[in-house]
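Engineer: Below is the file input_36.cif, with mmCIF, C-alpha atoms.
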```
data_data
loop_
_atom_site.label_atom_id
_atom_site.label_comp_id
_atom_site.auth_asym_id
_atom_site.auth_seq_id
_atom_site.Cartn_x
_atom_site.Cartn_y
_atom_site.Cartn_z
CA MET H 1 -33.93 -17.07 -8.87
CA ALA H 2 -31.84 -14.23 -7.44
CA LYS H 3 -28.07 -14.57 -7.09
CA ILE H 4 -26.47 -14.09 -3.69
CA LEU H 5 -22.76 -13.64 -3.06
CA ILE H 6 -21.44 -14.40 0.44
CA ILE H 7 -17.88 -13.25 1.16
CA ASP H 8 -15.66 -15.25 3.52
CA GLY H 9 -14.11 -12.10 4.95
CA ASN H 10 -11.20 -13.63 6.87
CA ALA H 11 -10.16 -15.91 4.01
CA VAL H 12 -10.15 -13.06 1.49
CA LEU H 13 -8.26 -10.70 3.80
CA HIS H 14 -5.62 -13.31 4.63
CA ARG H 15 -5.07 -14.09 0.97
CA ALA H 16 -4.81 -10.42 0.05
CA PHE H 17 -2.41 -9.75 2.94
CA HIS H 18 0.00 -12.49 1.91
CA ALA H 19 -0.35 -12.20 -1.87
CA LEU H 20 -0.04 -8.47 -2.46
CA PRO H 21 2.85 -6.05 -1.81
CA PRO H 22 2.57 -3.67 1.15
CA LEU H 23 0.62 -0.47 0.58
CA THR H 24 0.37 2.48 2.95
CA ASN H 25 -1.58 5.72 3.04
CA LYS H 26 -2.57 8.25 5.72
CA PHE H 27 -4.66 5.56 7.45
CA GLY H 28 -1.67 3.22 7.81
CA PRO H 29 -1.12 -0.14 6.06
CA VAL H 30 -3.90 -0.79 3.53
CA GLY H 31 -2.53 -3.47 1.18
CA ALA H 32 -4.91 -6.15 2.46
CA VAL H 33 -7.81 -3.67 2.43
CA TYR H 34 -7.07 -2.85 -1.19
CA GLY H 35 -6.82 -6.56 -2.04
CA PHE H 36 -10.05 -7.39 -0.22
CA PHE H 37 -12.16 -4.89 -2.16
CA SER H 38 -10.37 -5.67 -5.41
CA ILE H 39 -11.25 -9.36 -5.07
CA LEU H 40 -14.79 -8.50 -3.94
CA MET H 41 -15.37 -6.40 -7.05
CA ARG H 42 -13.83 -9.01 -9.32
CA ALA H 43 -16.14 -11.66 -7.85
CA SER H 44 -19.07 -9.28 -8.23
CA ASP H 45 -18.23 -8.77 -11.90
CA GLN H 46 -18.10 -12.54 -12.41
CA VAL H 47 -21.17 -13.58 -10.40
CA LYS H 48 -23.31 -10.44 -10.94
CA PRO H 49 -25.15 -10.91 -7.63
CA ASP H 50 -28.42 -9.29 -6.62
CA TYR H 51 -27.50 -9.43 -2.92
CA LEU H 52 -24.20 -9.54 -1.00
CA TRP H 53 -23.12 -10.37 2.56
CA VAL H 54 -19.72 -10.53 4.27
CA ALA H 55 -19.02 -12.94 7.14
CA PHE H 56 -16.11 -12.57 9.57
CA ASP H 57 -14.78 -14.73 12.40
CA HIS H 58 -15.47 -13.56 15.94
CA PRO H 59 -12.13 -12.94 17.72
CA GLY H 60 -13.08 -15.10 20.73
CA PRO H 61 -13.00 -18.90 21.12
CA ASN H 62 -15.71 -21.02 19.55
CA PHE H 63 -17.36 -24.35 20.33
CA ARG H 64 -14.63 -26.30 18.51
CA HIS H 65 -12.07 -25.12 21.08
CA GLN H 66 -14.33 -26.58 23.77
CA LEU H 67 -14.61 -29.89 21.92
CA PHE H 68 -10.87 -30.23 21.41
CA VAL H 69 -8.24 -28.28 23.36
CA GLY H 70 -5.72 -28.73 20.55
CA TYR H 71 -7.95 -27.11 17.92
CA GLN H 72 -5.83 -24.48 16.13
CA ALA H 73 -3.63 -24.46 19.25
CA ARG H 74 -0.39 -23.72 17.41
CA ARG H 75 -1.87 -21.44 14.79
CA PRO H 76 -0.09 -18.06 15.05
CA GLU H 77 -2.12 -15.02 16.03
CA MET H 78 -3.24 -12.68 13.30
CA PRO H 79 -0.41 -10.16 12.75
CA ALA H 80 -1.11 -6.77 14.32
CA GLU H 81 -0.83 -5.14 10.90
CA LEU H 82 -3.54 -7.43 9.53
CA GLN H 83 -5.74 -6.94 12.60
CA LYS H 84 -5.68 -3.20 11.96
CA GLN H 85 -6.56 -3.72 8.29
CA SER H 86 -9.36 -6.11 9.24
CA ARG H 87 -10.91 -3.42 11.44
CA LEU H 88 -10.53 -0.85 8.66
CA THR H 89 -12.15 -3.21 6.13
CA GLN H 90 -15.11 -3.71 8.44
CA LYS H 91 -15.41 0.03 8.98
CA ILE H 92 -15.49 0.66 5.21
CA LEU H 93 -18.16 -2.03 4.76
CA GLN H 94 -20.21 -0.45 7.53
CA LYS H 95 -19.99 3.04 6.05
CA ALA H 96 -20.96 1.65 2.64
CA ASP H 97 -23.99 -0.11 4.21
CA ILE H 98 -22.76 -3.54 3.11
CA PRO H 99 -24.06 -6.04 5.70
CA GLN H 100 -21.63 -8.04 7.82
CA VAL H 101 -22.36 -11.03 10.02
CA ILE H 102 -20.17 -11.94 13.01
CA ARG H 103 -21.37 -14.46 15.58
CA ALA H 104 -19.70 -15.28 18.90
CA GLY H 105 -19.06 -18.94 19.72
CA VAL H 106 -18.89 -20.11 16.10
CA GLU H 107 -16.72 -19.52 13.05
CA ALA H 108 -17.45 -17.54 9.92
CA ASP H 109 -17.77 -20.92 8.16
CA ASP H 110 -20.79 -21.72 10.34
CA VAL H 111 -22.37 -18.34 9.62
CA ILE H 112 -21.77 -18.88 5.90
CA GLY H 113 -23.09 -22.44 6.05
CA SER H 114 -26.29 -21.34 7.79
CA LEU H 115 -26.86 -18.37 5.49
CA ALA H 116 -26.12 -20.35 2.33
CA THR H 117 -28.27 -23.34 3.26
CA ARG H 118 -31.24 -21.15 4.12
CA LEU H 119 -30.93 -18.88 1.10
CA ALA H 120 -30.33 -21.72 -1.36
CA LYS H 121 -33.91 -22.88 -0.86
CA ARG H 122 -35.05 -19.98 -3.04
CA HIS H 123 -31.91 -18.47 -4.57
CA ARG H 124 -28.58 -19.32 -6.17
CA VAL H 125 -25.73 -18.83 -3.69
CA TYR H 126 -22.06 -18.20 -4.45
CA ILE H 127 -19.45 -18.23 -1.66
CA LEU H 128 -16.20 -16.32 -2.24
CA THR H 129 -13.50 -18.16 -0.28
CA GLY H 130 -10.15 -19.88 -0.43
CA ASP H 131 -11.16 -22.35 2.29
CA HIS H 132 -11.69 -25.84 0.86
CA ASP H 133 -13.59 -26.87 4.01
CA LEU H 134 -16.54 -25.04 2.48
CA MET H 135 -16.63 -27.56 -0.36
CA GLN H 136 -18.93 -29.60 1.90
CA LEU H 137 -21.63 -26.96 1.27
CA VAL H 138 -21.56 -27.25 -2.52
CA SER H 139 -24.87 -28.39 -3.94
CA ARG H 140 -27.20 -27.75 -6.84
CA HIS H 141 -27.76 -24.13 -5.76
CA ILE H 142 -24.56 -23.46 -3.76
CA LYS H 143 -21.21 -22.94 -5.49
CA LEU H 144 -17.83 -21.62 -4.40
CA VAL H 145 -15.91 -18.86 -6.09
CA THR H 146 -12.20 -19.23 -5.38
CA TRP H 147 -8.72 -18.42 -6.59
CA ARG H 148 -5.77 -20.63 -7.36
CA ARG H 149 -2.27 -19.23 -7.53
CA ARG H 150 -3.24 -15.76 -8.68
CA ILE H 151 -5.96 -13.90 -6.85
CA ALA H 152 -6.78 -12.05 -10.06
CA GLN H 153 -8.09 -15.31 -11.54
CA LEU H 154 -11.29 -16.60 -9.99
CA GLU H 155 -13.08 -19.83 -10.81
CA VAL H 156 -16.43 -21.34 -9.86
CA ILE H 157 -16.40 -24.66 -7.99
CA ASP H 158 -19.49 -26.81 -8.48
CA LYS H 159 -20.19 -30.43 -7.55
CA ALA H 160 -18.31 -31.79 -10.56
CA ALA H 161 -15.24 -29.67 -9.70
CA VAL H 162 -15.20 -30.98 -6.11
CA LYS H 163 -15.33 -34.52 -7.49
CA ARG H 164 -12.44 -33.81 -9.87
CA GLU H 165 -10.29 -32.19 -7.20
CA LEU H 166 -10.89 -34.46 -4.20
CA GLY H 167 -12.16 -37.66 -5.81
CA ILE H 168 -15.27 -37.53 -3.59
CA SER H 169 -18.61 -35.73 -3.58
CA PRO H 170 -19.29 -32.60 -1.49
CA ARG H 171 -21.40 -34.61 0.96
CA GLN H 172 -18.35 -36.81 1.66
CA VAL H 173 -15.97 -33.96 2.50
CA VAL H 174 -16.64 -34.19 6.25
CA ASP H 175 -16.18 -37.98 6.21
CA TYR H 176 -12.90 -37.49 4.34
CA LYS H 177 -11.61 -34.95 6.87
CA ALA H 178 -12.69 -37.22 9.73
CA LEU H 179 -10.35 -39.87 8.31
CA VAL H 180 -7.33 -37.76 7.30
CA GLY H 181 -7.62 -34.93 9.84
CA ASP H 182 -6.60 -31.35 9.18
CA SER H 183 -3.05 -30.09 9.73
CA SER H 184 -4.14 -26.44 9.50
CA ASP H 185 -6.81 -26.72 12.20
CA GLU H 186 -4.72 -29.33 14.03
CA TYR H 187 -7.19 -32.12 14.59
CA PRO H 188 -6.01 -35.69 14.19
CA GLY H 189 -8.19 -37.90 12.00
CA VAL H 190 -7.21 -41.59 12.00
CA ASN H 191 -3.49 -42.14 12.44
CA GLY H 192 -2.07 -43.89 9.39
CA ILE H 193 -5.00 -43.16 7.05
CA GLY H 194 -3.91 -40.85 4.25
CA PRO H 195 -5.82 -39.13 1.44
CA LYS H 196 -5.52 -42.01 -1.04
CA THR H 197 -6.80 -44.63 1.41
CA ALA H 198 -9.56 -42.31 2.64
CA ARG H 199 -10.78 -41.77 -0.94
CA GLN H 200 -10.73 -45.51 -1.65
CA LEU H 201 -12.70 -46.27 1.50
CA LEU H 202 -15.29 -43.59 0.77
CA GLN H 203 -15.65 -44.63 -2.85
CA ARG H 204 -16.50 -48.12 -1.67
CA TYR H 205 -18.43 -47.49 1.58
CA HIS H 206 -19.66 -43.89 0.95
CA SER H 207 -19.57 -42.56 4.53
CA LEU H 208 -17.63 -42.77 7.79
CA LYS H 209 -20.52 -44.55 9.52
CA ASN H 210 -20.73 -47.13 6.78
CA ILE H 211 -16.98 -47.72 6.89
CA TYR H 212 -17.25 -48.65 10.56
CA ARG H 213 -20.34 -50.79 9.91
CA HIS H 214 -18.28 -52.85 7.46
CA LEU H 215 -15.02 -52.82 9.39
CA SER H 216 -14.68 -56.60 9.24
CA GLN H 217 -14.63 -56.47 5.42
CA ILE H 218 -11.72 -54.02 5.27
CA ALA H 219 -8.12 -55.18 4.80
CA PRO H 220 -6.52 -56.03 8.19
CA ARG H 221 -3.84 -53.32 8.03
CA TRP H 222 -6.47 -50.59 7.61
CA GLN H 223 -8.99 -52.31 9.85
CA GLU H 224 -6.69 -52.09 12.85
CA LYS H 225 -5.85 -48.43 12.26
CA LEU H 226 -9.54 -47.59 11.94
CA ARG H 227 -10.40 -49.50 15.09
CA GLN H 228 -7.70 -47.75 17.11
CA GLY H 229 -8.63 -44.33 15.72
CA GLU H 230 -12.42 -44.55 16.01
CA LYS H 231 -12.72 -41.93 18.77
CA GLU H 232 -10.42 -39.57 16.88
CA ALA H 233 -12.49 -40.05 13.73
CA GLU H 234 -15.70 -39.21 15.59
CA LEU H 235 -14.12 -36.10 17.13
CA SER H 236 -12.68 -34.99 13.79
CA TYR H 237 -16.08 -35.46 12.16
CA GLN H 238 -17.62 -33.04 14.69
CA LEU H 239 -14.82 -30.51 14.24
CA ALA H 240 -15.01 -30.65 10.44
CA THR H 241 -18.78 -30.27 10.20
CA ILE H 242 -19.91 -26.76 9.31
CA LEU H 243 -23.09 -25.75 11.12
CA THR H 244 -26.03 -24.99 8.86
CA ASN H 245 -28.76 -24.37 11.43
CA LEU H 246 -27.79 -21.09 13.10
CA LYS H 247 -30.67 -18.66 13.44
CA ILE H 248 -29.53 -15.52 11.65
CA LYS H 249 -31.97 -12.70 11.05
CA LEU H 250 -32.09 -11.97 7.35
CA LYS H 251 -33.27 -8.74 5.79
CA LEU H 252 -32.70 -9.40 2.13
CA ARG H 253 -33.46 -5.85 1.05
CA GLN H 254 -30.61 -4.53 3.23
CA ALA H 255 -28.14 -6.72 1.35
CA ARG H 256 -29.13 -5.39 -2.06
CA TRP H 257 -26.12 -5.15 -4.38
CA ASP H 258 -27.05 -2.54 -6.95
CA GLN H 259 -25.83 0.61 -8.62
CA GLU H 260 -26.48 2.77 -5.57
CA THR H 261 -24.59 0.42 -3.23
CA LEU H 262 -21.65 0.33 -5.63
CA ARG H 263 -21.64 4.13 -5.91
CA GLN H 264 -21.69 4.44 -2.13
CA LEU H 265 -18.79 1.97 -1.81
CA GLY H 266 -16.80 4.00 -4.33
CA GLN H 267 -17.33 7.18 -2.32
CA VAL H 268 -16.19 5.50 0.91
CA LEU H 269 -13.11 4.00 -0.75
CA ALA H 270 -12.19 7.45 -2.06
CA LEU H 271 -12.64 8.84 1.46
CA TYR H 272 -10.16 6.26 2.77
CA ARG H 273 -7.59 7.18 0.10
CA LEU H 274 -8.00 4.16 -2.15
CA PRO H 275 -8.47 6.10 -5.39
CA SER H 276 -7.67 3.32 -7.86
CA LEU H 277 -10.54 1.22 -6.46
CA ALA H 278 -12.86 4.24 -6.53
CA ARG H 279 -11.93 4.87 -10.18
CA ARG H 280 -12.67 1.22 -11.04
CA ILE H 281 -16.14 1.67 -9.63
CA ASP H 282 -16.64 5.00 -11.45
CA LYS H 283 -15.59 3.34 -14.71
CA LYS H 284 -18.02 0.50 -14.07
CA LEU H 285 -20.86 2.92 -13.32
CA ALA H 286 -20.16 5.29 -16.23
CA PRO H 287 -22.07 3.33 -18.92
CA LEU H 288 -25.00 2.92 -16.52
CA ASN H 289 -25.05 6.67 -15.85
CA VAL H 290 -25.05 7.42 -19.59
CA GLN H 291 -27.88 4.96 -20.12
CA LYS H 292 -29.86 6.54 -17.29
CA THR H 293 -29.34 10.00 -18.84
CA LEU H 294 -30.50 8.83 -22.26
CA PHE H 295 -33.64 7.12 -21.06
#
```
Represent the structure of the file as structure tokens.
Structural biologist:
Amino acid sequence: MAKILIIDGNAVLHRAFHALPPLTNKFGPVGAVYGFFSILMRASDQVKPDYLWVAFDHPGPNFRHQLFVGYQARRPEMPAELQKQSRLTQKILQKADIPQVIRAGVEADDVIGSLATRLAKRHRVYILTGDHDLMQLVSRHIKLVTWRRRIAQLEVIDKAAVKRELGISPRQVVDYKALVGDSSDEYPGVNGIGPKTARQLLQRYHSLKNIYRHLSQIAPRWQEKLRQGEKEAELSYQLATILTNLKIKLKLRQARWDQETLRQLGQVLALYRLPSLARRIDKKLAPLNVQKTLF
């Protein structure tokens, strides 16, 4: 089975922007750009993928804003400095022939979910992200690659890791978020149901639907909260669910991650005055070039 690495472009850029000190060259601020490609290469070294895609959010509204007017309503706009670096990152990817996917009306999560689900039927898929919402996609052939406090340290999240961290299985992540809501995306969940109670309910009843089927068996104090918050739970379930059925045209050969792609990326990074990244790539390619010369 081939290995495929899918990059959550927005998540990686945001993390790099906030975690790394400012950096400027003749193209303007490039600290987040530097961080993005540094993390990408680190993940590549760890996963050793055969193919690589990058997914970005479309700047316009998506279907979740239509479902719930309060969705991300108070989330601040992307800083102008980061917007500029996002455009520069996408330009570098384009010049290096690294495929990007951006789809109007949905989020990058939905693009990633659809790509990963389709590709996992025949390949092993790794998703580079800091977004725990994507834990719902983790399965036998889909894993996350993420960072903790330091972006230089990456770890692989499999089904067992999701269970350790959340106390539930990946398939229960949406049910969990339907109960507790999401303060970042600003959807409500069930008022008065916190993480501990949500985990206990899911450990016993396994899913949101089954919780409501057995409402009469649940302790009165939680039963009333669940009854009052049923519509909010249903809405939150829809908002939390990552789409996995988008029709995205795949040309696997165009996403090939090999020596030539890496060399091309190094040349483009040098062109955009990011020499330390270009040198990292040259150093990585040097043993391969020697081997090619010898044989």
Engineer: Using only C-alpha atoms, find the one residue out of H:Leu13, H:Glu260, H:Phe36, H:Leu239 that sits nearest to Met78 of chain H.
Structural biologist: H:Leu13
Engineer: For Gln267 of chain H, which residue out of H:Ala116, H:Phe27, H:Lys251, H:Arg280 is the nearest one, using all atoms listed in the file?
Structural biologist: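 Counting all atoms listed in the file, the residue closest to Gln267 of chain H is H:Arg280.
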Engineer: Using all atoms listed in the file, pick whichever of H:Ser44, H:Pro79, H:Gly192, H:Ile242 has the shortest atom-to-atom distance to Val174 of chain H.
Structural biologist: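 Selected residue with least distance to Val174 of chain H: H:Ile242.
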Engineer: Go through segment 173-235 of chain H and flag each residue having an atom no more than 10 Å from segment 123-145 of chain H; for those, report the closest pair of atoms plus their distance in Å to one decimal, using all atoms listed in the file, ordered by chain and rising number, as a Markdown table.
Structural biologist:
```
| residue | atom | partner | partner_atom | distance |
| --- | --- | --- | --- | --- |
| H:Val173 | CA | H:Gln136 | CA | 5.3 |
| H:Val174 | CA | H:Gln136 | CA | 6.7 |
| H:Asp175 | CA | H:Gln136 | CA | 9.8 |
| H:Lys177 | CA | H:Asp133 | CA | 8.8 |
| H:Asp182 | CA | H:Asp133 | CA | 9.8 |
```
Engineer: Take the residues from that selection and put them in a file with C-alpha atoms, as an mmCIF file, in the coordinates of the input.
Structural biologist:
```cif
data_model
loop_
_atom_site.group_PDB
_atom_site.id
_atom_site.type_symbol
_atom_site.label_atom_id
_atom_site.label_comp_id
_atom_site.auth_asym_id
_atom_site.auth_seq_id
_atom_site.Cartn_x
_atom_site.Cartn_y
_atom_site.Cartn_z
ATOM 1 C CA VAL H 173 -15.970 -33.960 2.500
ATOM 2 C CA VAL H 174 -16.640 -34.190 6.250
ATOM 3 C CA ASP H 175 -16.180 -37.980 6.210
ATOM 4 C CA LYS H 177 -11.610 -34.950 6.870
ATOM 5 C CA ASP H 182 -6.600 -31.350 9.180
#
```
Engineer: Could you list, as a ChimeraX atom specification, every residue within 9 Å of segment 81-87 of chain H, counting only C-alpha atoms and ignoring same-chain residues fewer than 6 positions away?
Structural biologist: /H:9-10,13-14,17,28-33
Engineer: Write the residues you've just listed into a file as a PDB file, in the frame of the given file, and include C-alpha atoms for each of them.
Structural biologist:
```pdb
ATOM      1  CA  GLY H   9     -14.110 -12.100   4.950  1.00  0.00           C
ATOM      2  CA  ASN H  10     -11.200 -13.630   6.870  1.00  0.00           C
ATOM      3  CA  LEU H  13      -8.260 -10.700   3.800  1.00  0.00           C
ATOM      4  CA  HIS H  14      -5.620 -13.310   4.630  1.00  0.00           C
ATOM      5  CA  PHE H  17      -2.410  -9.750   2.940  1.00  0.00           C
ATOM      6  CA  GLY H  28      -1.670   3.220   7.810  1.00  0.00           C
ATOM      7  CA  PRO H  29      -1.120  -0.140   6.060  1.00  0.00           C
ATOM      8  CA  VAL H  30      -3.900  -0.790   3.530  1.00  0.00           C
ATOM      9  CA  GLY H  31      -2.530  -3.470   1.180  1.00  0.00           C
ATOM     10  CA  ALA H  32      -4.910  -6.150   2.460  1.00  0.00           C
ATOM     11  CA  VAL H  33      -7.810  -3.670   2.430  1.00  0.00           C
TER      12      VAL H  33
END
```
Engineer: Would you please work out which residue, of H:Ala55, H:Met41, H:Leu154, H:Leu20, is nearest to Gln100 of chain H when using all atoms listed in the file?
Structural biologist: H:Ala55
Engineer: Have a look at atom CA of Phe63 of chain H and atom CA of Gly229 of chain H and let me know their distance in Å, one decimal.
Structural biologist: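 Pair atom CA of Phe63 of chain H / atom CA of Gly229 of chain H returns 22.3 Å.
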Engineer: Evaluate the PyMOL selection byres ((chain H and resi 264) around 12) and record the selected residues as a list in words, following the chain and residue labels used in the document.
Structural biologist: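 So the PyMOL selection byres ((chain H and resi 264) around 12) ends up selecting Ile92, Leu93, Gln94, Lys95, Ala96, Asp97, Ile98, Trp257, Asp258, Gln259, Glu260, Thr261, Leu262, Arg263, Leu265, Gly266, Gln267, Val268, Leu269, Ala270, Leu271, Ala278, Ile281, Asp282 and Leu285 of chain H.
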Engineer: Once the PyMOL selection byres ((chain H and resi 214) around 12) has been evaluated on this model, what residues remain selected, and can you format them as a list of chain:residue names?
Structural biologist: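 Those residues are H:Leu201, H:Leu202, H:Arg204, H:Tyr205, H:His206, H:Ser207, H:Leu208, H:Lys209, H:Asn210, H:Ile211, H:Tyr212, H:Arg213, H:Leu215, H:Ser216, H:Gln217, H:Ile218, H:Ala219, H:Gln223, H:Leu226, H:Arg227.
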Engineer: Quote the spacing between atom CA of Ile248 of chain H and atom CA of Phe37 of chain H in Å to one decimal place.
Structural biologist: 24.6 Å
Engineer: Can you measure atom CA of Glu107 of chain H to atom CA of Asp57 of chain H for me? One decimal in Å is fine.
Structural biologist: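 Result for atom CA of Glu107 of chain H versus atom CA of Asp57 of chain H: 5.2 Å, one decimal.
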Engineer: How big is the axis-aligned box around the listed atoms of segment 267-278 of chain H once 6 Å is added on each side, and where is its centre? Give both in Å to one decimal, as AutoDock Vina command-line options.
Structural biologist:
```
--center_x -12.5 --center_y 5.0 --center_z -2.5 --size_x 21.7 --size_y 19.6 --size_z 22.6
```
Engineer: Of the candidates H:Pro49, H:Pro170, H:Pro195, H:Gly189, which one gets nearest to Lys225 of chain H if we count all atoms listed in the file?
Structural biologist: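 Distance minimum relative to Lys225 of chain H lands on H:Gly189.
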Engineer: Any chance you could work out the residue set of the PyMOL selection byres ((chain H and resi 150) around 12) here, as a list of chain:residue names?
Structural biologist: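 Residues picked by the PyMOL selection byres ((chain H and resi 150) around 12): H:Arg15, H:Ala16, H:His18, H:Ala19, H:Leu20, H:Gly35, H:Ile39, H:Gly130, H:Thr146, H:Trp147, H:Arg148, H:Arg149, H:Ile151, H:Ala152, H:Gln153, H:Leu154, H:Glu155.
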Engineer: Pick out the closest residue to Thr241 of chain H from this set: H:Met1, H:Val106, H:Ala43, H:Ile193. Count all atoms listed in the file.
Structural biologist: H:Val106
Engineer: Pull the neighbourhood of (-7.1, -19.9, 16.6) for me: all residues within 10 Å in file coordinates, counting all atoms listed in the file, as a PyMOL selection string.
Structural biologist: chain H and resi 59-62+65+70-78+185
